[in-house]
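Have a look at model23.cif; it's mmCIF, C-alpha atoms and all ligand atoms:
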data_entry
#
loop_
_atom_site.label_atom_id
_atom_site.label_comp_id
_atom_site.auth_asym_id
_atom_site.auth_seq_id
_atom_site.Cartn_x
_atom_site.Cartn_y
_atom_site.Cartn_z
CA MET A 1 -15.80 30.53 -22.02
CA THR A 2 -13.89 28.94 -19.12
CA THR A 3 -15.12 26.64 -16.43
CA THR A 4 -13.33 25.96 -13.13
CA PRO A 5 -13.56 22.61 -11.35
CA GLU A 6 -14.96 22.73 -7.84
CA PHE A 7 -11.99 20.75 -6.52
CA ARG A 8 -8.67 19.67 -8.06
CA PHE A 9 -7.81 16.05 -7.16
CA ARG A 10 -4.90 16.26 -9.54
CA ARG A 11 -2.97 18.54 -7.13
CA LEU A 12 -1.88 15.45 -5.11
CA ARG A 13 -0.96 13.44 -8.19
CA ARG A 14 1.74 15.77 -9.50
CA SER A 15 4.79 13.81 -8.35
CA ASP A 16 5.73 10.32 -7.31
CA VAL A 17 6.62 11.55 -3.82
CA LEU A 18 3.21 13.15 -3.39
CA ARG A 19 1.42 10.09 -4.72
CA ARG A 20 3.32 7.86 -2.33
CA LEU A 21 2.63 10.22 0.56
CA VAL A 22 -1.12 9.91 0.18
CA ARG A 23 -1.23 6.28 -0.92
CA GLU A 24 -3.83 4.46 1.16
CA THR A 25 -2.74 0.86 0.61
CA GLN A 26 0.67 -0.81 0.77
CA LEU A 27 1.81 -4.25 -0.25
CA SER A 28 4.69 -5.84 1.63
CA VAL A 29 6.48 -9.15 1.46
CA ASP A 30 5.30 -9.54 5.07
CA ASP A 31 1.76 -10.03 3.74
CA LEU A 32 2.53 -13.12 1.68
CA VAL A 33 2.05 -16.84 2.24
CA TYR A 34 3.58 -19.26 -0.27
CA PRO A 35 1.78 -22.55 -1.01
CA ILE A 36 4.06 -25.57 -1.54
CA PHE A 37 3.06 -28.95 -2.99
CA VAL A 38 4.96 -32.03 -1.85
CA GLU A 39 4.42 -35.40 -3.50
CA GLU A 40 5.26 -38.79 -2.07
CA GLY A 41 7.28 -41.19 -4.18
CA ILE A 42 8.91 -38.85 -6.70
CA ASP A 43 12.57 -37.89 -6.80
CA GLN A 44 12.46 -34.93 -9.20
CA PRO A 45 10.13 -31.90 -9.22
CA VAL A 46 7.10 -32.38 -11.46
CA ALA A 47 5.92 -29.26 -13.28
CA VAL A 48 2.23 -28.43 -12.95
CA GLU A 49 1.41 -27.90 -16.58
CA SER A 50 -1.42 -25.41 -16.18
CA MET A 51 0.60 -23.36 -13.65
CA PRO A 52 3.98 -22.40 -15.11
CA GLY A 53 6.49 -21.94 -12.28
CA VAL A 54 4.60 -24.25 -9.90
CA PHE A 55 5.98 -27.72 -9.15
CA ARG A 56 5.16 -30.73 -7.05
CA TYR A 57 8.37 -31.29 -5.10
CA PRO A 58 9.79 -34.50 -3.69
CA GLU A 59 10.07 -34.54 0.10
CA SER A 60 13.84 -34.47 -0.27
CA GLN A 61 13.62 -30.98 -1.83
CA LEU A 62 11.14 -29.39 0.58
CA ALA A 63 13.89 -27.99 2.79
CA GLU A 64 15.47 -26.28 -0.20
CA VAL A 65 12.16 -24.74 -1.32
CA VAL A 66 11.52 -23.45 2.20
CA ASN A 67 14.98 -21.89 2.29
CA THR A 68 14.52 -20.28 -1.12
CA ALA A 69 11.30 -18.65 0.08
CA TRP A 70 12.92 -17.52 3.33
CA ASN A 71 15.88 -16.00 1.52
CA LYS A 72 13.52 -13.95 -0.64
CA GLY A 73 11.85 -12.63 2.51
CA VAL A 74 8.72 -14.81 2.32
CA LYS A 75 8.26 -15.85 5.92
CA ALA A 76 5.15 -18.06 5.79
CA VAL A 77 4.38 -21.19 3.79
CA ILE A 78 1.35 -23.44 3.57
CA LEU A 79 1.97 -27.12 2.87
CA PHE A 80 -0.10 -29.37 0.60
CA GLY A 81 0.68 -33.07 0.46
CA VAL A 82 0.06 -35.28 -2.55
CA SER A 83 -0.32 -38.67 -0.93
CA GLN A 84 0.34 -42.15 -2.27
CA GLU A 85 -1.27 -43.60 0.86
CA LYS A 86 -4.85 -42.75 -0.03
CA ASN A 87 -7.74 -44.59 1.60
CA ASP A 88 -11.42 -44.01 2.35
CA ASP A 89 -10.94 -41.65 5.31
CA GLY A 90 -7.54 -40.04 4.71
CA SER A 91 -6.05 -41.56 7.87
CA ASP A 92 -2.50 -40.88 6.69
CA THR A 93 -3.09 -37.28 7.80
CA TRP A 94 -3.28 -38.29 11.45
CA ASN A 95 -0.46 -40.80 11.30
CA PRO A 96 2.50 -39.21 13.15
CA ARG A 97 4.74 -40.75 10.47
CA GLY A 98 2.39 -39.76 7.62
CA LEU A 99 3.08 -37.21 4.90
CA MET A 100 1.47 -34.22 6.63
CA ALA A 101 3.49 -34.67 9.83
CA ARG A 102 6.70 -35.33 7.90
CA MET A 103 6.32 -32.20 5.75
CA ILE A 104 5.84 -30.07 8.85
CA ARG A 105 8.91 -31.52 10.55
CA VAL A 106 11.08 -31.06 7.45
CA ALA A 107 9.93 -27.47 6.87
CA LYS A 108 10.47 -26.47 10.50
CA ALA A 109 13.88 -28.13 10.63
CA ALA A 110 14.96 -26.36 7.44
CA GLN A 111 14.07 -22.93 8.76
CA PRO A 112 12.83 -22.82 12.37
CA GLN A 113 11.70 -19.21 12.01
CA MET A 114 9.56 -19.93 8.95
CA LEU A 115 5.86 -19.81 9.84
CA VAL A 116 4.70 -23.24 8.77
CA ILE A 117 0.98 -23.61 8.11
CA SER A 118 -0.67 -26.93 7.34
CA ASP A 119 -3.62 -27.12 4.98
CA ASN A 120 -5.91 -29.32 7.04
CA CYS A 121 -8.11 -31.32 4.74
CA PHE A 122 -8.51 -34.86 3.43
CA CYS A 123 -9.07 -34.50 -0.31
CA GLU A 124 -5.45 -35.24 -1.21
CA TYR A 125 -5.41 -38.26 1.11
CA THR A 126 -8.73 -39.97 0.29
CA ASP A 127 -9.15 -42.41 -2.60
CA HIS A 128 -12.48 -40.75 -3.55
CA GLY A 129 -11.00 -37.23 -3.38
CA HIS A 130 -13.67 -35.72 -1.11
CA CYS A 131 -12.78 -33.48 1.84
CA GLY A 132 -13.95 -35.96 4.49
CA VAL A 133 -15.54 -39.31 5.28
CA LEU A 134 -18.14 -40.43 2.76
CA CYS A 135 -21.54 -41.69 3.80
CA GLY A 136 -23.32 -42.83 0.66
CA ASP A 137 -22.25 -40.25 -1.89
CA ASP A 138 -22.02 -37.30 0.50
CA VAL A 139 -19.47 -36.26 3.11
CA ASP A 140 -20.49 -37.04 6.70
CA ASN A 141 -19.91 -33.77 8.52
CA ASP A 142 -19.62 -34.93 12.11
CA LYS A 143 -17.51 -38.03 11.47
CA THR A 144 -15.14 -35.78 9.53
CA LEU A 145 -14.90 -33.43 12.53
CA ILE A 146 -13.47 -36.21 14.70
CA ASN A 147 -10.80 -36.95 12.08
CA LEU A 148 -10.03 -33.24 11.72
CA GLN A 149 -9.40 -33.04 15.47
CA GLN A 150 -6.93 -35.93 15.35
CA GLN A 151 -5.27 -34.49 12.25
CA ALA A 152 -4.81 -31.07 13.87
CA ILE A 153 -3.34 -32.55 17.03
CA VAL A 154 -0.83 -34.62 15.05
CA ALA A 155 0.11 -31.52 13.04
CA ALA A 156 0.64 -29.61 16.29
CA GLN A 157 2.77 -32.44 17.69
CA ALA A 158 4.87 -32.28 14.52
CA GLY A 159 5.56 -28.61 15.24
CA VAL A 160 3.15 -26.74 12.98
CA ASP A 161 2.76 -23.01 13.65
CA MET A 162 -0.78 -22.60 12.37
CA ILE A 163 -3.64 -24.90 11.38
CA ALA A 164 -5.66 -24.02 8.26
CA PRO A 165 -8.74 -26.21 7.82
CA SER A 166 -10.04 -25.93 4.26
CA GLY A 167 -12.82 -28.51 4.10
CA MET A 168 -15.83 -26.28 4.87
CA MET A 169 -17.29 -28.68 7.45
CA ASP A 170 -19.80 -27.12 9.85
CA GLY A 171 -18.34 -26.83 13.33
CA MET A 172 -14.77 -27.50 12.18
CA ILE A 173 -13.27 -24.57 14.06
CA ALA A 174 -14.91 -25.43 17.38
CA ALA A 175 -13.86 -29.07 16.99
CA ILE A 176 -10.23 -28.27 16.16
CA ARG A 177 -9.99 -25.57 18.85
CA GLN A 178 -11.27 -28.02 21.45
CA GLY A 179 -8.91 -30.75 20.27
CA LEU A 180 -5.88 -28.44 20.40
CA ASP A 181 -6.83 -26.89 23.74
CA GLU A 182 -7.30 -30.27 25.42
CA THR A 183 -3.91 -31.55 24.30
CA GLY A 184 -1.76 -28.61 25.35
CA TYR A 185 -1.86 -26.60 22.13
CA ASN A 186 -4.01 -23.64 23.10
CA HIS A 187 -1.29 -21.36 21.70
CA ILE A 188 -1.60 -22.69 18.13
CA PRO A 189 -3.74 -20.35 15.97
CA ILE A 190 -6.35 -21.48 13.46
CA MET A 191 -6.70 -19.77 10.11
CA SER A 192 -10.06 -20.88 8.80
CA TYR A 193 -10.91 -21.14 5.14
CA SER A 194 -14.08 -19.61 6.52
CA THR A 195 -15.78 -18.51 3.30
CA LYS A 196 -14.78 -20.91 0.56
CA PHE A 197 -16.85 -21.05 -2.59
CA ALA A 198 -17.48 -24.07 -4.83
CA SER A 199 -15.50 -22.37 -7.59
CA ALA A 200 -14.36 -23.22 -11.09
CA PHE A 201 -11.21 -21.22 -10.31
CA TYR A 202 -9.78 -24.29 -8.52
CA GLY A 203 -9.46 -26.19 -11.79
CA PRO A 204 -5.66 -26.10 -12.10
CA PHE A 205 -5.27 -27.10 -8.42
CA ARG A 206 -6.87 -30.42 -9.26
CA ASP A 207 -4.15 -30.80 -11.87
CA ALA A 208 -1.56 -29.74 -9.30
CA VAL A 209 -2.53 -32.37 -6.75
CA ASP A 210 -3.15 -34.98 -9.43
CA SER A 211 -6.57 -35.60 -8.05
CA ASN A 212 -8.66 -38.21 -9.81
CA PHE A 213 -11.62 -36.44 -8.24
CA LYS A 214 -14.57 -36.44 -10.59
CA GLY A 215 -17.55 -35.05 -8.66
CA ASN A 216 -18.16 -31.67 -7.11
CA ARG A 217 -18.08 -30.17 -3.64
CA ASN A 218 -21.42 -28.40 -3.79
CA THR A 219 -22.75 -29.97 -0.59
CA TYR A 220 -20.00 -28.43 1.54
CA GLN A 221 -18.38 -25.52 -0.31
CA MET A 222 -20.48 -22.38 -0.71
CA ASP A 223 -22.78 -21.46 -3.56
CA ILE A 224 -20.98 -18.76 -5.56
CA ALA A 225 -24.21 -16.75 -5.75
CA ASN A 226 -24.55 -16.13 -2.00
CA GLY A 227 -23.25 -12.96 -0.36
CA ARG A 228 -25.20 -12.92 2.91
CA GLU A 229 -24.31 -16.52 3.60
CA ALA A 230 -20.67 -15.71 2.80
CA LEU A 231 -20.62 -13.25 5.70
CA ALA A 232 -22.50 -15.65 8.00
CA GLU A 233 -19.98 -18.44 7.32
CA SER A 234 -17.04 -16.27 8.37
CA LEU A 235 -18.80 -14.79 11.40
CA GLN A 236 -19.71 -18.29 12.59
CA ASP A 237 -16.05 -19.34 12.40
CA GLU A 238 -15.09 -16.21 14.31
CA LEU A 239 -17.60 -17.21 16.99
CA GLU A 240 -16.08 -20.70 17.15
CA GLY A 241 -12.64 -19.21 17.75
CA ALA A 242 -10.98 -18.79 14.36
CA ASP A 243 -7.96 -16.50 14.74
CA ILE A 244 -7.82 -15.56 11.06
CA LEU A 245 -10.67 -15.66 8.53
CA MET A 246 -10.29 -16.28 4.80
CA VAL A 247 -12.09 -15.69 1.54
CA LYS A 248 -11.40 -18.01 -1.36
CA PRO A 249 -11.05 -17.44 -4.32
CA GLY A 250 -9.97 -13.80 -4.52
CA LEU A 251 -10.59 -11.50 -7.41
CA ALA A 252 -14.19 -12.51 -8.14
CA TYR A 253 -15.10 -12.06 -4.46
CA LEU A 254 -13.86 -8.58 -3.48
CA ASP A 255 -17.37 -7.66 -2.35
CA VAL A 256 -17.29 -10.56 0.12
CA ILE A 257 -13.88 -9.47 1.43
CA ALA A 258 -15.12 -5.93 1.98
CA ASP A 259 -18.26 -7.14 3.72
CA ILE A 260 -16.40 -9.43 6.13
CA ARG A 261 -13.87 -6.65 6.80
CA ALA A 262 -16.74 -4.35 7.77
CA HIS A 263 -18.22 -6.88 10.20
CA SER A 264 -15.24 -8.57 11.85
CA GLN A 265 -12.20 -7.35 13.76
CA ARG A 266 -10.23 -10.53 13.03
CA PRO A 267 -7.37 -10.55 10.54
CA LEU A 268 -8.58 -11.53 7.10
CA ALA A 269 -6.79 -13.58 4.43
CA VAL A 270 -7.50 -14.16 0.78
CA TYR A 271 -6.48 -17.16 -1.30
CA HIS A 272 -5.44 -16.07 -4.80
CA VAL A 273 -6.17 -19.48 -6.27
CA SER A 274 -4.78 -21.70 -8.99
CA GLY A 275 -7.17 -20.55 -11.73
CA GLU A 276 -6.41 -16.90 -11.04
CA TYR A 277 -2.68 -17.67 -11.27
CA ALA A 278 -3.05 -19.78 -14.41
CA MET A 279 -5.08 -17.13 -16.25
CA VAL A 280 -2.49 -14.42 -15.64
CA LYS A 281 0.37 -16.75 -16.63
CA ALA A 282 -1.43 -17.72 -19.83
CA ALA A 283 -2.19 -14.12 -20.75
CA ALA A 284 1.39 -13.11 -20.01
CA LYS A 285 2.69 -15.93 -22.19
CA ALA A 286 0.41 -14.79 -24.98
CA GLY A 287 1.98 -11.36 -24.65
CA VAL A 288 -1.29 -9.55 -24.04
CA ILE A 289 -0.70 -8.18 -20.53
CA ASP A 290 2.07 -6.78 -18.34
CA GLU A 291 2.34 -9.66 -15.85
CA ARG A 292 4.10 -7.80 -13.07
CA ALA A 293 1.74 -4.80 -13.21
CA ILE A 294 -1.35 -7.03 -13.34
CA VAL A 295 -0.25 -9.13 -10.38
CA LEU A 296 0.74 -6.15 -8.22
CA GLU A 297 -2.55 -4.41 -9.06
CA THR A 298 -4.44 -7.56 -8.05
CA MET A 299 -2.60 -7.73 -4.72
CA ILE A 300 -3.32 -4.06 -3.99
CA ALA A 301 -6.97 -4.67 -4.84
CA PHE A 302 -7.10 -7.45 -2.23
CA LYS A 303 -5.57 -5.18 0.39
CA ARG A 304 -7.78 -2.22 -0.52
CA ALA A 305 -10.81 -4.49 -0.17
CA GLY A 306 -9.67 -5.30 3.34
CA VAL A 307 -7.35 -8.30 3.62
CA ASP A 308 -4.25 -8.44 5.78
CA LEU A 309 -2.58 -11.48 4.24
CA ILE A 310 -2.51 -13.12 0.84
CA LEU A 311 -1.89 -16.75 -0.09
CA THR A 312 -0.52 -16.77 -3.62
CA TYR A 313 1.57 -18.92 -5.95
CA TYR A 314 3.08 -15.60 -7.05
CA ALA A 315 4.62 -15.00 -3.60
CA LEU A 316 8.24 -15.56 -4.65
CA GLU A 317 7.94 -13.48 -7.81
CA ILE A 318 6.21 -10.69 -5.90
CA ALA A 319 9.02 -10.76 -3.33
CA ASP A 320 11.50 -10.26 -6.17
CA TRP A 321 9.45 -7.45 -7.72
CA LEU A 322 9.05 -5.63 -4.41
CA SER A 323 12.77 -5.81 -3.70
CA GLU A 324 13.49 -4.30 -7.11
CA GLY A 325 11.44 -1.31 -5.85
C1 LIG B 1 -9.05 -28.73 -0.99
C2 LIG B 1 -8.43 -27.51 -1.52
C3 LIG B 1 -8.62 -26.93 -2.78
C4 LIG B 1 -7.80 -25.82 -2.85
C5 LIG B 1 -7.11 -25.74 -1.64
N1 LIG B 1 -7.53 -26.79 -0.82
C6 LIG B 1 -9.39 -27.38 -3.94
C7 LIG B 1 -10.80 -27.64 -3.84
O1 LIG B 1 -11.47 -27.31 -2.87
O2 LIG B 1 -11.30 -28.25 -4.79
C8 LIG B 1 -7.69 -24.91 -4.03
C9 LIG B 1 -6.44 -24.18 -4.17
C10 LIG B 1 -6.31 -23.50 -5.48
O3 LIG B 1 -7.13 -23.65 -6.39
O4 LIG B 1 -5.32 -22.78 -5.61
N2 LIG B 1 -9.84 -28.58 0.12
#
Could you show the structure in this file as structure tokens?
Ligand code: PBG
Amino acid sequence: MTTTPEFRFRRLRRSDVLRRLVRETQLSVDDLVYPIFVEEGIDQPVAVESMPGVFRYPESQLAEVVNTAWNKGVKAVILFGVSQEKNDDGSDTWNPRGLMARMIRVAKAAQPQMLVISDNCFCEYTDHGHCGVLCGDDVDNDKTLINLQQQAIVAAQAGVDMIAPSGMMDGMIAAIRQGLDETGYNHIPIMSYSTKFASAFYGPFRDAVDSNFKGNRNTYQMDIANGREALAESLQDELEGADILMVKPGLAYLDVIADIRAHSQRPLAVYHVSGEYAMVKAAAKAGVIDERAIVLETMIAFKRAGVDLILTYYALEIADWLSEG
């Protein structure tokens, strides 16, 4: 007895050329943003133990790191400062001679065409490690907004190309947009960490920024269980004027990416976070996965789900892999 399939999908899988011809999703080096950590007061790179290949760099080496990325074809970086000038409100971030402003100036001077994004938050600049001004044991939303405005303006004055607020304060996009518009920076885009979950996947990042932070961020970052609210958060930031929306972390939240993609016309980013990076590195080291294939499959999954750009510690390695073809 023979049976004949109703339709043969395999007809378009017969050769590499055919498969490429009908491939729905592409990954390009143009999609990538490389996060860089800069620490005050060190003179040699410090390896982040849980994230092999990731370092905290001294300010004196930032230009070199920016140039390395540029030469590999990675044309956007996001800067994280590890401050030694911590205080209760993170005021170093709005000091024109503070670490955030200095990093921006150094990165732009090194490679003027590099798209330099600042991570706009306070957690690496406050002595308590929270993403804003504390009132009792919780972050005061509206006081933090005023500081965010000042911080964004100082970043713009330093020459930043894009502002990326990551603190999950309500109204942060409207506040920053207003601050920038009123000071002559209406051309500077805002990429909002619009849907950021209170996730265990950030664990290695805390190691990376040497944070002595002990608590949790459950009163401002989102509950990992909430999908409807995840969409509402991003749509609210769109309403307030966010130019790019973001979901963070990545792989565990593909449903959220797809949902936002279906409801917004804005470009969408994903942050492939420290824990996602560390898990793949650890598995690769243990010899139980094909690192390159796993990472490229993950990136394609992000794009298939609906993102346009990807922030990943793998950016430089991916650039190498893509150029190998
Ligand atoms: C702080 C911030 C975090 C990350 C980026 N900005 C950590 C956190 O919210 O605890 C995480 C990055 C990563 O894990 O790769 N606002």
Worksheet item: Quick one: residues within 8 Å of region 181-188 of chain A, only C-alpha atoms counted, chain neighbours fewer than 4 positions away excluded, as a VMD selection string?
Response: chain A and resid 153 156 161 to 163 177
Item to complete: Rank A:Asp119, A:Glu297, A:Glu238, A:Asp92 by their smallest atom-to-atom distance to Gln150 (chain A), using only C-alpha atoms, and report the top residue only.
Response: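 The shortest atom-to-atom distance to Gln150 (chain A) comes from A:Asp92.
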Item to complete: Return as a PyMOL selection string the residues of protein, DNA or RNA that approach ligand LIG 1 (chain B) to within 9 Å, with only C-alpha atoms and all ligand atoms taken into account.
Response: chain A and resi 35+80+119-124+130-131+165-168+193+196-206+208-209+213+216-217+221+248-249+271-277+311-313
Worksheet item: What is the CA of Phe37 (chain A) to CA of Met100 (chain A) distance in Å?
Response: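 Computed distance, CA of Phe37 (chain A) to CA of Met100 (chain A), equals 11.1 Å.
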Discussion item. Residues near Asp140 (chain A), anyone? I mean within 12 Å using all atoms listed in the file, not counting same-chain ones fewer than 6 positions away, as a ChimeraX atom specification.
Written reply: /A:89,130-134,146-147,167-170,219-220
Resulting file, chosen residues, C-alpha atoms, as a compact mmCIF listing (two decimals), in the frame of the given file:
# COMPACT_ATOMS: atom_id res chain seq x y z
CA ASP A 89 -10.94 -41.65 5.31
CA HIS A 130 -13.67 -35.72 -1.11
CA CYS A 131 -12.78 -33.48 1.84
CA GLY A 132 -13.95 -35.96 4.49
CA VAL A 133 -15.54 -39.31 5.28
CA LEU A 134 -18.14 -40.43 2.76
CA ILE A 146 -13.47 -36.21 14.70
CA ASN A 147 -10.80 -36.95 12.08
CA GLY A 167 -12.82 -28.51 4.10
CA MET A 168 -15.83 -26.28 4.87
CA MET A 169 -17.29 -28.68 7.45
CA ASP A 170 -19.80 -27.12 9.85
CA THR A 219 -22.75 -29.97 -0.59
CA TYR A 220 -20.00 -28.43 1.54
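Note that the spacing between CA of Met191 (chain A) and CA of Met246 (chain A) amounts to 7.3 Å.
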Response to the item:
Of A:Val307, A:Gly53, A:Leu235, A:Ala242, the one sitting nearest His263 (chain A) when using all atoms listed in the file is A:Leu235
For the point (-16.6, -11.2, -1.4) in file coordinates, what residues are within 10 Å, counting all atoms listed in the file? Give the answer as a PDB file with C-alpha atoms, keeping the file's coordinate frame?
ATOM      1  CA  THR A 195     -15.780 -18.510   3.300  1.00  0.00           C
ATOM      2  CA  PHE A 197     -16.850 -21.050  -2.590  1.00  0.00           C
ATOM      3  CA  ILE A 224     -20.980 -18.760  -5.560  1.00  0.00           C
ATOM      4  CA  ASN A 226     -24.550 -16.130  -2.000  1.00  0.00           C
ATOM      5  CA  GLY A 227     -23.250 -12.960  -0.360  1.00  0.00           C
ATOM      6  CA  ARG A 228     -25.200 -12.920   2.910  1.00  0.00           C
ATOM      7  CA  ALA A 230     -20.670 -15.710   2.800  1.00  0.00           C
ATOM      8  CA  LEU A 231     -20.620 -13.250   5.700  1.00  0.00           C
ATOM      9  CA  VAL A 247     -12.090 -15.690   1.540  1.00  0.00           C
ATOM     10  CA  LYS A 248     -11.400 -18.010  -1.360  1.00  0.00           C
ATOM     11  CA  PRO A 249     -11.050 -17.440  -4.320  1.00  0.00           C
ATOM     12  CA  GLY A 250      -9.970 -13.800  -4.520  1.00  0.00           C
ATOM     13  CA  LEU A 251     -10.590 -11.500  -7.410  1.00  0.00           C
ATOM     14  CA  ALA A 252     -14.190 -12.510  -8.140  1.00  0.00           C
ATOM     15  CA  TYR A 253     -15.100 -12.060  -4.460  1.00  0.00           C
ATOM     16  CA  LEU A 254     -13.860  -8.580  -3.480  1.00  0.00           C
ATOM     17  CA  ASP A 255     -17.370  -7.660  -2.350  1.00  0.00           C
ATOM     18  CA  VAL A 256     -17.290 -10.560   0.120  1.00  0.00           C
ATOM     19  CA  ILE A 257     -13.880  -9.470   1.430  1.00  0.00           C
ATOM     20  CA  ALA A 258     -15.120  -5.930   1.980  1.00  0.00           C
ATOM     21  CA  ASP A 259     -18.260  -7.140   3.720  1.00  0.00           C
ATOM     22  CA  ILE A 260     -16.400  -9.430   6.130  1.00  0.00           C
ATOM     23  CA  ARG A 261     -13.870  -6.650   6.800  1.00  0.00           C
ATOM     24  CA  VAL A 270      -7.500 -14.160   0.780  1.00  0.00           C
ATOM     25  CA  ALA A 305     -10.810  -4.490  -0.170  1.00  0.00           C
TER      26      ALA A 305
END
Fill in: Coordinates-based distance that separates CA of Ile289 (chain A) from CA of Ala269 (chain A) (Å, one decimal)
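According to the coordinates, CA of Ala269 (chain A) and CA of Ile289 (chain A) are separated by 26.3 Å.
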Worksheet item: With only C-alpha atoms as the basis for distance, which of A:Ala158, A:Ala76, A:Leu180, A:Ala174 is at the shortest distance from Val33 (chain A)?
Response: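 Of A:Ala158, A:Ala76, A:Leu180, A:Ala174, the one nearest Val33 (chain A) is A:Ala76, counting only C-alpha atoms.
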Practice prompt. Would you mind telling me which residue in A:Gly136, A:Gly81, A:Gly159, A:Pro96 lies nearest to Leu115 (chain A) when using only C-alpha atoms?
Written response: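 That would be A:Gly159, the residue with the smallest distance to Leu115 (chain A).
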Worksheet item: When distances are computed from all atoms listed in the file, which of A:Phe55, A:Val116, A:Thr126, A:Ala109 shows the smallest separation from Gln84 (chain A)?
Response: A:Thr126
With only C-alpha atoms as the counted atoms, please give the residues lying no more than 9 Å from Val22 (chain A), apart from itself and same-chain residues fewer than 4 positions off, as a PDB file with C-alpha atoms, keeping the file's coordinate frame.
ATOM      1  CA  LEU A  12      -1.880  15.450  -5.110  1.00  0.00           C
ATOM      2  CA  VAL A  17       6.620  11.550  -3.820  1.00  0.00           C
ATOM      3  CA  LEU A  18       3.210  13.150  -3.390  1.00  0.00           C
TER       4      LEU A  18
END
Worksheet item: Using all atoms listed in the file, which of the listed residues (A:Asn87, A:Gly179, A:Ala69, A:Lys303) sits closest to Leu148 (chain A)?
Response: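 Of the candidates, the smallest distance to Leu148 (chain A) is held by A:Gly179.
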Regenerate region 32-43 of chain A at the level of N, CA, C and O atoms and dump it as a PDB file, keeping the file's coordinate frame.
ATOM      1  N   LEU A  32       2.679 -11.989   2.609  1.00  0.00           N
ATOM      2  CA  LEU A  32       2.530 -13.120   1.680  1.00  0.00           C
ATOM      3  C   LEU A  32       2.709 -14.491   2.335  1.00  0.00           C
ATOM      4  O   LEU A  32       3.554 -14.677   3.214  1.00  0.00           O
ATOM      5  N   VAL A  33       1.912 -15.426   1.857  1.00  0.00           N
ATOM      6  CA  VAL A  33       2.050 -16.840   2.240  1.00  0.00           C
ATOM      7  C   VAL A  33       2.220 -17.646   0.959  1.00  0.00           C
ATOM      8  O   VAL A  33       1.433 -17.502   0.011  1.00  0.00           O
ATOM      9  N   TYR A  34       3.255 -18.491   0.936  1.00  0.00           N
ATOM     10  CA  TYR A  34       3.580 -19.260  -0.270  1.00  0.00           C
ATOM     11  C   TYR A  34       3.109 -20.704  -0.145  1.00  0.00           C
ATOM     12  O   TYR A  34       3.547 -21.424   0.755  1.00  0.00           O
ATOM     13  N   PRO A  35       2.228 -21.149  -1.042  1.00  0.00           N
ATOM     14  CA  PRO A  35       1.780 -22.550  -1.010  1.00  0.00           C
ATOM     15  C   PRO A  35       2.822 -23.467  -1.659  1.00  0.00           C
ATOM     16  O   PRO A  35       3.361 -23.145  -2.713  1.00  0.00           O
ATOM     17  N   ILE A  36       3.088 -24.589  -1.012  1.00  0.00           N
ATOM     18  CA  ILE A  36       4.060 -25.570  -1.540  1.00  0.00           C
ATOM     19  C   ILE A  36       3.394 -26.945  -1.633  1.00  0.00           C
ATOM     20  O   ILE A  36       2.757 -27.393  -0.685  1.00  0.00           O
ATOM     21  N   PHE A  37       3.573 -27.593  -2.791  1.00  0.00           N
ATOM     22  CA  PHE A  37       3.060 -28.950  -2.990  1.00  0.00           C
ATOM     23  C   PHE A  37       4.199 -29.958  -2.849  1.00  0.00           C
ATOM     24  O   PHE A  37       5.245 -29.800  -3.483  1.00  0.00           O
ATOM     25  N   VAL A  38       3.966 -30.971  -2.035  1.00  0.00           N
ATOM     26  CA  VAL A  38       4.960 -32.030  -1.850  1.00  0.00           C
ATOM     27  C   VAL A  38       4.313 -33.367  -2.202  1.00  0.00           C
ATOM     28  O   VAL A  38       3.240 -33.689  -1.700  1.00  0.00           O
ATOM     29  N   GLU A  39       4.980 -34.111  -3.075  1.00  0.00           N
ATOM     30  CA  GLU A  39       4.420 -35.400  -3.500  1.00  0.00           C
ATOM     31  C   GLU A  39       5.262 -36.564  -2.996  1.00  0.00           C
ATOM     32  O   GLU A  39       6.490 -36.541  -3.089  1.00  0.00           O
ATOM     33  N   GLU A  40       4.580 -37.565  -2.491  1.00  0.00           N
ATOM     34  CA  GLU A  40       5.260 -38.790  -2.070  1.00  0.00           C
ATOM     35  C   GLU A  40       5.718 -39.578  -3.293  1.00  0.00           C
ATOM     36  O   GLU A  40       5.025 -39.612  -4.310  1.00  0.00           O
ATOM     37  N   GLY A  41       6.873 -40.201  -3.180  1.00  0.00           N
ATOM     38  CA  GLY A  41       7.280 -41.190  -4.180  1.00  0.00           C
ATOM     39  C   GLY A  41       7.832 -40.633  -5.477  1.00  0.00           C
ATOM     40  O   GLY A  41       7.912 -41.343  -6.466  1.00  0.00           O
ATOM     41  N   ILE A  42       8.214 -39.365  -5.516  1.00  0.00           N
ATOM     42  CA  ILE A  42       8.910 -38.850  -6.700  1.00  0.00           C
ATOM     43  C   ILE A  42      10.319 -38.427  -6.262  1.00  0.00           C
ATOM     44  O   ILE A  42      10.547 -38.173  -5.077  1.00  0.00           O
ATOM     45  N   ASP A  43      11.247 -38.365  -7.211  1.00  0.00           N
ATOM     46  CA  ASP A  43      12.570 -37.890  -6.800  1.00  0.00           C
ATOM     47  C   ASP A  43      13.038 -36.647  -7.565  1.00  0.00           C
ATOM     48  O   ASP A  43      14.119 -36.121  -7.309  1.00  0.00           O
TER      49      ASP A  43
END
